[in-house]
>>> print(open('run00.cif').read())   # mmCIF, C-alpha atoms, pLDDT in the B column; chains and numbers go by the auth columns
data_entry
loop_
_atom_site.group_PDB
_atom_site.id
_atom_site.type_symbol
_atom_site.label_atom_id
_atom_site.label_comp_id
_atom_site.label_asym_id
_atom_site.label_seq_id
_atom_site.Cartn_x
_atom_site.Cartn_y
_atom_site.Cartn_z
_atom_site.B_iso_or_equiv
_atom_site.auth_seq_id
_atom_site.auth_asym_id
ATOM 1 C CA MET A 1 45.647 239.205 324.945 54.00 1180 A
ATOM 2 C CA PRO A 2 47.904 239.234 321.889 67.00 1181 A
ATOM 3 C CA VAL A 3 47.706 235.435 321.661 65.00 1182 A
ATOM 4 C CA ALA A 4 43.906 235.592 321.598 68.00 1183 A
ATOM 5 C CA ARG A 5 44.018 238.209 318.855 68.00 1184 A
ATOM 6 C CA CYS A 6 46.410 236.048 316.738 65.00 1185 A
ATOM 7 C CA ALA A 7 44.187 233.020 317.206 69.00 1186 A
ATOM 8 C CA TRP A 8 41.135 235.020 316.119 67.00 1187 A
ATOM 9 C CA ILE A 9 42.967 236.258 312.949 72.00 1188 A
ATOM 10 C CA ALA A 10 44.159 232.715 312.149 69.00 1189 A
ATOM 11 C CA ALA A 11 40.632 231.352 312.522 68.00 1190 A
ATOM 12 C CA PHE A 12 39.276 234.050 310.215 64.00 1191 A
ATOM 13 C CA ILE A 13 41.908 233.295 307.545 67.00 1192 A
ATOM 14 C CA LEU A 14 41.306 229.535 307.735 63.00 1193 A
ATOM 15 C CA ALA A 15 37.583 230.088 307.359 63.00 1194 A
ATOM 16 C CA ALA A 16 38.102 232.322 304.315 59.00 1195 A
ATOM 17 C CA ILE A 17 40.352 229.894 302.402 60.00 1196 A
ATOM 18 C CA PRO A 18 37.604 227.404 301.383 58.00 1197 A
ATOM 19 C CA ALA A 19 35.370 230.265 300.277 54.00 1198 A
ATOM 20 C CA TYR A 20 38.218 231.753 298.201 53.00 1199 A
ATOM 21 C CA ALA A 21 39.048 228.391 296.612 54.00 1200 A
ATOM 22 C CA GLN A 22 35.392 227.784 295.856 58.00 1201 A
ATOM 23 C CA SER A 23 35.111 231.151 294.124 71.00 1202 A
ATOM 24 C CA LEU A 24 38.223 230.440 291.976 73.00 1203 A
ATOM 25 C CA GLY A 25 36.724 227.152 290.824 76.00 1204 A
ATOM 26 C CA GLU A 26 33.471 228.885 289.993 80.00 1205 A
ATOM 27 C CA LEU A 27 35.375 231.596 288.045 78.00 1206 A
ATOM 28 C CA ALA A 28 37.206 228.938 286.037 80.00 1207 A
ATOM 29 C CA ARG A 29 33.913 227.224 285.076 82.00 1208 A
ATOM 30 C CA GLN A 30 32.400 230.556 284.091 82.00 1209 A
ATOM 31 C CA GLU A 31 35.414 231.440 281.912 82.00 1210 A
ATOM 32 C CA GLU A 32 35.281 228.041 280.227 82.00 1211 A
ATOM 33 C CA ALA A 33 31.581 228.527 279.464 81.00 1212 A
ATOM 34 C CA ARG A 34 32.252 232.035 278.132 80.00 1213 A
ATOM 35 C CA ARG A 35 34.981 230.790 275.783 77.00 1214 A
ATOM 36 C CA ALA A 36 32.759 228.043 274.456 76.00 1215 A
ATOM 37 C CA ASP A 37 30.074 230.638 273.622 75.00 1216 A
ATOM 38 C CA THR A 38 32.372 232.966 271.688 73.00 1217 A
ATOM 39 C CA THR A 39 32.736 232.416 267.939 67.00 1218 A
ATOM 40 C CA LYS A 40 36.116 232.008 266.306 66.00 1219 A
ATOM 41 C CA ALA A 41 37.309 234.482 263.665 63.00 1220 A
ATOM 42 C CA THR A 42 36.568 233.103 260.218 69.00 1221 A
ATOM 43 C CA LYS A 43 38.305 235.721 258.027 73.00 1222 A
ATOM 44 C CA THR A 44 42.047 235.331 257.458 73.00 1223 A
ATOM 45 C CA LEU A 45 43.826 238.350 256.021 72.00 1224 A
ATOM 46 C CA SER A 46 46.524 238.088 253.368 74.00 1225 A
ATOM 47 C CA ASN A 47 48.633 240.565 251.399 73.00 1226 A
ATOM 48 C CA SER A 48 45.985 240.657 248.686 72.00 1227 A
ATOM 49 C CA ASP A 49 43.560 242.178 251.225 73.00 1228 A
ATOM 50 C CA LEU A 50 45.914 245.116 251.795 72.00 1229 A
ATOM 51 C CA ARG A 51 46.340 248.065 249.509 67.00 1230 A
ATOM 52 C CA PRO A 52 49.997 248.904 248.676 61.00 1231 A
ATOM 53 C CA GLN A 53 49.555 252.579 249.579 59.00 1232 A
ATOM 54 C CA ASP A 54 48.443 251.518 253.096 59.00 1233 A
ATOM 55 C CA ALA A 55 51.634 249.484 253.515 57.00 1234 A
ATOM 56 C CA THR A 56 53.974 252.320 252.516 57.00 1235 A
ATOM 57 C CA GLY A 57 52.027 255.153 254.052 53.00 1236 A
ATOM 58 C CA ALA A 58 52.010 256.994 250.718 52.00 1237 A
ATOM 59 C CA SER A 59 48.937 258.574 249.242 52.00 1238 A
ATOM 60 C CA PRO A 60 46.883 256.359 246.920 50.00 1239 A
ATOM 61 C CA ALA A 61 47.592 256.391 243.214 46.00 1240 A
ATOM 62 C CA PRO A 62 45.091 258.298 241.114 49.00 1241 A
ATOM 63 C CA ALA A 63 42.631 255.663 239.841 48.00 1242 A
ATOM 64 C CA ALA A 64 45.313 253.417 238.259 57.00 1243 A
ATOM 65 C CA GLU A 65 46.977 250.262 239.458 75.00 1244 A
ATOM 66 C CA CYS A 66 50.161 250.910 241.398 77.00 1245 A
ATOM 67 C CA PHE A 67 53.238 248.925 242.317 75.00 1246 A
ATOM 68 C CA VAL A 68 55.473 249.341 245.320 77.00 1247 A
ATOM 69 C CA SER A 69 58.932 250.437 244.220 73.00 1248 A
ATOM 70 C CA ILE A 70 61.701 249.422 246.593 72.00 1249 A
ATOM 71 C CA SER A 71 64.115 252.002 245.205 71.00 1250 A
ATOM 72 C CA GLN A 72 61.551 254.824 245.395 73.00 1251 A
ATOM 73 C CA GLY A 73 59.921 253.658 248.636 76.00 1252 A
ATOM 74 C CA ARG A 74 56.451 254.482 247.370 80.00 1253 A
ATOM 75 C CA CYS A 75 53.662 253.344 245.105 82.00 1254 A
ATOM 76 C CA VAL A 76 54.446 253.968 241.405 79.00 1255 A
ATOM 77 C CA SER A 77 52.691 253.292 238.119 80.00 1256 A
ATOM 78 C CA ALA A 78 53.704 250.563 235.705 78.00 1257 A
ATOM 79 C CA GLU A 79 55.225 253.164 233.382 81.00 1258 A
ATOM 80 C CA GLU A 80 57.435 254.482 236.187 80.00 1259 A
ATOM 81 C CA ILE A 81 58.608 250.950 237.025 74.00 1260 A
ATOM 82 C CA VAL A 82 59.597 250.389 233.374 75.00 1261 A
ATOM 83 C CA ALA A 83 61.360 253.769 233.240 75.00 1262 A
ATOM 84 C CA LEU A 84 63.280 253.059 236.449 70.00 1263 A
ATOM 85 C CA SER A 85 64.301 249.616 235.193 70.00 1264 A
ATOM 86 C CA SER A 86 65.333 250.933 231.772 62.00 1265 A
ATOM 87 C CA ALA A 87 67.570 253.561 233.369 59.00 1266 A
ATOM 88 C CA ASN A 88 69.769 250.779 234.799 57.00 1267 A
ATOM 89 C CA VAL A 89 70.187 248.877 231.511 54.00 1268 A
ATOM 90 C CA LEU A 90 73.177 249.680 229.342 50.00 1269 A
ATOM 91 C CA VAL A 91 72.483 250.470 225.739 50.00 1270 A
ATOM 92 C CA PRO A 92 74.525 248.464 223.197 51.00 1271 A
ATOM 93 C CA THR A 93 77.100 251.215 222.578 53.00 1272 A
ATOM 94 C CA GLN A 94 77.713 251.687 226.293 56.00 1273 A
ATOM 95 C CA ASN A 95 77.895 247.921 226.758 64.00 1274 A
ATOM 96 C CA THR A 96 80.497 247.634 223.986 73.00 1275 A
ATOM 97 C CA THR A 97 82.627 250.361 225.551 84.00 1276 A
ATOM 98 C CA VAL A 98 82.417 248.763 228.987 85.00 1277 A
ATOM 99 C CA GLU A 99 83.303 245.357 227.571 86.00 1278 A
ATOM 100 C CA GLN A 100 86.318 246.728 225.681 89.00 1279 A
ATOM 101 C CA THR A 101 87.534 248.502 228.809 90.00 1280 A
ATOM 102 C CA TRP A 102 87.282 245.358 230.948 89.00 1281 A
ATOM 103 C CA ARG A 103 88.960 243.199 228.317 90.00 1282 A
ATOM 104 C CA ARG A 104 91.787 245.737 227.832 92.00 1283 A
ATOM 105 C CA ASP A 105 92.383 246.176 231.584 92.00 1284 A
ATOM 106 C CA SER A 106 92.307 242.411 232.141 91.00 1285 A
ATOM 107 C CA ALA A 107 94.818 241.758 229.350 92.00 1286 A
ATOM 108 C CA SER A 108 97.148 244.449 230.669 92.00 1287 A
ATOM 109 C CA LEU A 109 97.058 243.166 234.225 92.00 1288 A
ATOM 110 C CA ARG A 110 97.365 239.543 233.053 91.00 1289 A
ATOM 111 C CA ALA A 111 100.525 240.496 231.063 93.00 1290 A
ATOM 112 C CA ARG A 112 102.043 242.207 234.143 93.00 1291 A
ATOM 113 C CA VAL A 113 101.359 239.100 236.282 92.00 1292 A
ATOM 114 C CA ALA A 114 102.897 236.807 233.649 92.00 1293 A
ATOM 115 C CA GLY A 115 105.939 239.082 233.256 93.00 1294 A
ATOM 116 C CA ALA A 116 106.514 239.204 237.026 92.00 1295 A
ATOM 117 C CA GLN A 117 106.149 235.408 237.237 92.00 1296 A
ATOM 118 C CA GLN A 118 108.763 235.012 234.477 93.00 1297 A
ATOM 119 C CA THR A 119 111.125 237.429 236.240 93.00 1298 A
ATOM 120 C CA VAL A 120 110.784 235.520 239.534 92.00 1299 A
ATOM 121 C CA ALA A 121 111.440 232.207 237.743 93.00 1300 A
ATOM 122 C CA THR A 122 114.553 233.652 236.071 92.00 1301 A
ATOM 123 C CA PHE A 123 116.035 234.966 239.329 91.00 1302 A
ATOM 124 C CA GLU A 124 115.178 231.720 241.135 92.00 1303 A
ATOM 125 C CA ALA A 125 117.005 229.742 238.442 92.00 1304 A
ATOM 126 C CA ILE A 126 120.093 231.972 238.637 90.00 1305 A
ATOM 127 C CA ALA A 127 120.137 231.868 242.464 91.00 1306 A
ATOM 128 C CA ALA A 128 119.910 228.058 242.439 91.00 1307 A
ATOM 129 C CA ASP A 129 122.515 227.504 239.681 90.00 1308 A
ATOM 130 C CA ASP A 130 125.741 226.279 241.298 90.00 1309 A
ATOM 131 C CA THR A 131 127.661 226.879 238.072 91.00 1310 A
ATOM 132 C CA LYS A 132 127.151 230.648 238.367 88.00 1311 A
ATOM 133 C CA PRO A 133 129.661 232.763 240.272 91.00 1312 A
ATOM 134 C CA PRO A 134 128.693 233.443 243.919 90.00 1313 A
ATOM 135 C CA SER A 135 128.387 237.190 243.247 91.00 1314 A
ATOM 136 C CA ASP A 136 125.823 236.562 240.481 89.00 1315 A
ATOM 137 C CA ARG A 137 123.841 234.199 242.703 89.00 1316 A
ATOM 138 C CA LYS A 138 123.855 236.697 245.578 91.00 1317 A
ATOM 139 C CA SER A 139 122.741 239.498 243.255 91.00 1318 A
ATOM 140 C CA ALA A 140 119.959 237.259 241.898 90.00 1319 A
ATOM 141 C CA GLN A 141 118.778 236.526 245.446 92.00 1320 A
ATOM 142 C CA ARG A 142 118.534 240.267 246.224 92.00 1321 A
ATOM 143 C CA SER A 143 116.672 240.880 242.963 92.00 1322 A
ATOM 144 C CA LEU A 144 114.427 237.906 243.680 91.00 1323 A
ATOM 145 C CA VAL A 145 113.076 239.603 246.823 92.00 1324 A
ATOM 146 C CA THR A 146 112.056 242.672 244.829 93.00 1325 A
ATOM 147 C CA ALA A 147 110.597 240.556 241.999 92.00 1326 A
ATOM 148 C CA ARG A 148 108.493 238.526 244.445 93.00 1327 A
ATOM 149 C CA GLN A 149 107.145 241.734 246.001 93.00 1328 A
ATOM 150 C CA ALA A 150 106.211 243.043 242.557 92.00 1329 A
ATOM 151 C CA LEU A 151 104.536 239.737 241.700 92.00 1330 A
ATOM 152 C CA ALA A 152 102.582 239.799 244.951 93.00 1331 A
ATOM 153 C CA ALA A 153 101.405 243.353 244.190 93.00 1332 A
ATOM 154 C CA TYR A 154 100.255 242.379 240.678 92.00 1333 A
ATOM 155 C CA GLU A 155 98.484 239.280 241.975 92.00 1334 A
ATOM 156 C CA TRP A 156 96.726 241.391 244.618 93.00 1335 A
ATOM 157 C CA GLN A 157 95.664 243.815 241.873 92.00 1336 A
ATOM 158 C CA TRP A 158 94.326 240.900 239.844 92.00 1337 A
ATOM 159 C CA GLU A 159 92.310 239.551 242.792 92.00 1338 A
ATOM 160 C CA LYS A 160 90.890 243.029 243.363 92.00 1339 A
ATOM 161 C CA HIS A 161 90.088 243.316 239.629 92.00 1340 A
ATOM 162 C CA GLU A 162 88.355 239.912 239.597 90.00 1341 A
ATOM 163 C CA THR A 163 86.351 240.746 242.743 92.00 1342 A
ATOM 164 C CA ALA A 164 85.223 244.062 241.243 91.00 1343 A
ATOM 165 C CA ALA A 165 84.129 242.266 238.058 90.00 1344 A
ATOM 166 C CA GLY A 166 82.064 239.827 240.093 89.00 1345 A
ATOM 167 C CA ALA A 167 80.482 242.602 242.151 89.00 1346 A
ATOM 168 C CA MET A 168 79.557 244.502 238.979 87.00 1347 A
ATOM 169 C CA ARG A 169 78.259 241.291 237.345 88.00 1348 A
ATOM 170 C CA ILE A 170 80.739 241.560 234.508 88.00 1349 A
ATOM 171 C CA PRO A 171 80.676 238.396 232.366 89.00 1350 A
ATOM 172 C CA ARG A 172 83.608 236.137 233.234 88.00 1351 A
ATOM 173 C CA ALA A 173 84.473 235.859 229.524 89.00 1352 A
ATOM 174 C CA TRP A 174 85.455 239.546 229.532 89.00 1353 A
ATOM 175 C CA ILE A 175 88.339 238.930 231.957 89.00 1354 A
ATOM 176 C CA GLU A 176 89.419 235.433 230.921 89.00 1355 A
ATOM 177 C CA PRO A 177 91.816 233.719 230.766 90.00 1356 A
ATOM 178 C CA ILE A 178 92.410 233.965 234.500 88.00 1357 A
ATOM 179 C CA PRO A 179 96.136 233.863 235.337 88.00 1358 A
ATOM 180 C CA THR A 180 97.472 231.189 237.651 87.00 1359 A
ATOM 181 C CA LEU A 181 98.413 232.939 240.870 85.00 1360 A
ATOM 182 C CA THR A 182 101.098 231.747 243.283 82.00 1361 A
ATOM 183 C CA LYS A 183 99.914 230.122 246.490 65.00 1362 A
ATOM 184 C CA SER A 184 102.308 231.855 248.891 52.00 1363 A
ATOM 185 C CA GLN A 185 102.191 235.601 248.591 50.00 1364 A
ATOM 186 C CA PRO A 186 103.993 237.930 250.980 47.00 1365 A
ATOM 187 C CA GLN A 187 101.595 239.951 253.103 45.00 1366 A
ATOM 188 C CA GLN A 188 100.995 243.464 251.824 41.00 1367 A
#
>>> encode(input="run00.cif", output="structure tokens")
Amino acid sequence: MPVARCAWIAAFILAAIPAYAQSLGELARQEEARRADTTKATKTLSNSDLRPQDATGASPAPAAECFVSISQGRCVSAEEIVALSSANVLVPTQNTTVEQTWRRDSASLRARVAGAQQTVATFEAIAADDTKPPSDRKSAQRSLVTARQALAAYEWQWEKHETAAGAMRIPRAWIEPIPTLTKSQPQQ
């Protein structure tokens, strides 16, 4: 009896497969016809179609043109944009003070680097001079270690100074001339 029941189920399934396949083919033709009948969208949206207050979620500006301010995160008037921009511009007296400060600090640090380089060169010359007594050469070698450490510290300060000037968009002329730094610096 179970074999007869399995055969009956198999026959039913085999009979249903062509009907199922036929209905899938018919569905595909119907979908293709439906797509052909639908019209394509003709309007393409751009940023000019959007209002700035919709993009930021802020309330609309009262009857005037508005501009999206990145720093404020909202729609602002032209006058506010000018005021915000003007707040970040140095006035000539402030600019002069800033320039003098950068030039003075650069000259001071440049003089310390040059002085340390001269000290290192002096101790290197004494340590390498075979005509000097051994005690003087040994003393120069000990002093040379300290002088090289000082030079490395000044050169590191200069690199930090130069990086800060670049980050603050300080004109390069304010910190020039750039000192020649040694290639091999001890690690700090």
>>> residues_around(input="run00.cif", residues="stretch 1326-1342 of chain A", least_positions_apart="6", cutoff="7 Å", atoms="only C-alpha atoms", output="list in words")
Leu1288, Arg1291, Val1292, Ala1295, Gln1296, Thr1298, Val1299, Leu1360, Gln1364 and Pro1365 of chain A
>>> atom_distance(input="run00.cif", atom1="atom CA of A:Pro1350", atom2="atom CA of A:Ser1287")
17.6 Å
>>> atom_distance(input="run00.cif", atom1="atom CA of A:Ser1250", atom2="atom CA of A:Ser1264")
10.3 Å
>>> closest_residue(input="run00.cif", among="A:Glu1303, A:Glu1244, A:Asp1228, A:Glu1278", to="A:Arg1321", atoms="all atoms listed in the file")
A:Glu1303
>>> closest_residue(input="run00.cif", among="A:Ser1225, A:Trp1353, A:Thr1325, A:Val1261", to="A:Arg1283", atoms="only C-alpha atoms")
A:Trp1353
>>> atom_distance(input="run00.cif", atom1="atom CA of A:Ile1349", atom2="atom CA of A:Trp1281")
8.4 Å
>>> closest_residue(input="run00.cif", among="A:Ile1354, A:Leu1203, A:Ala1212, A:Ile1188", to="A:Ala1286", atoms="all atoms listed in the file")
A:Ile1354
>>> resolve_selection(input="run00.cif", expression="the PyMOL selection byres ((chain A and resi 1246) around 9)", output="count of residues only")
12
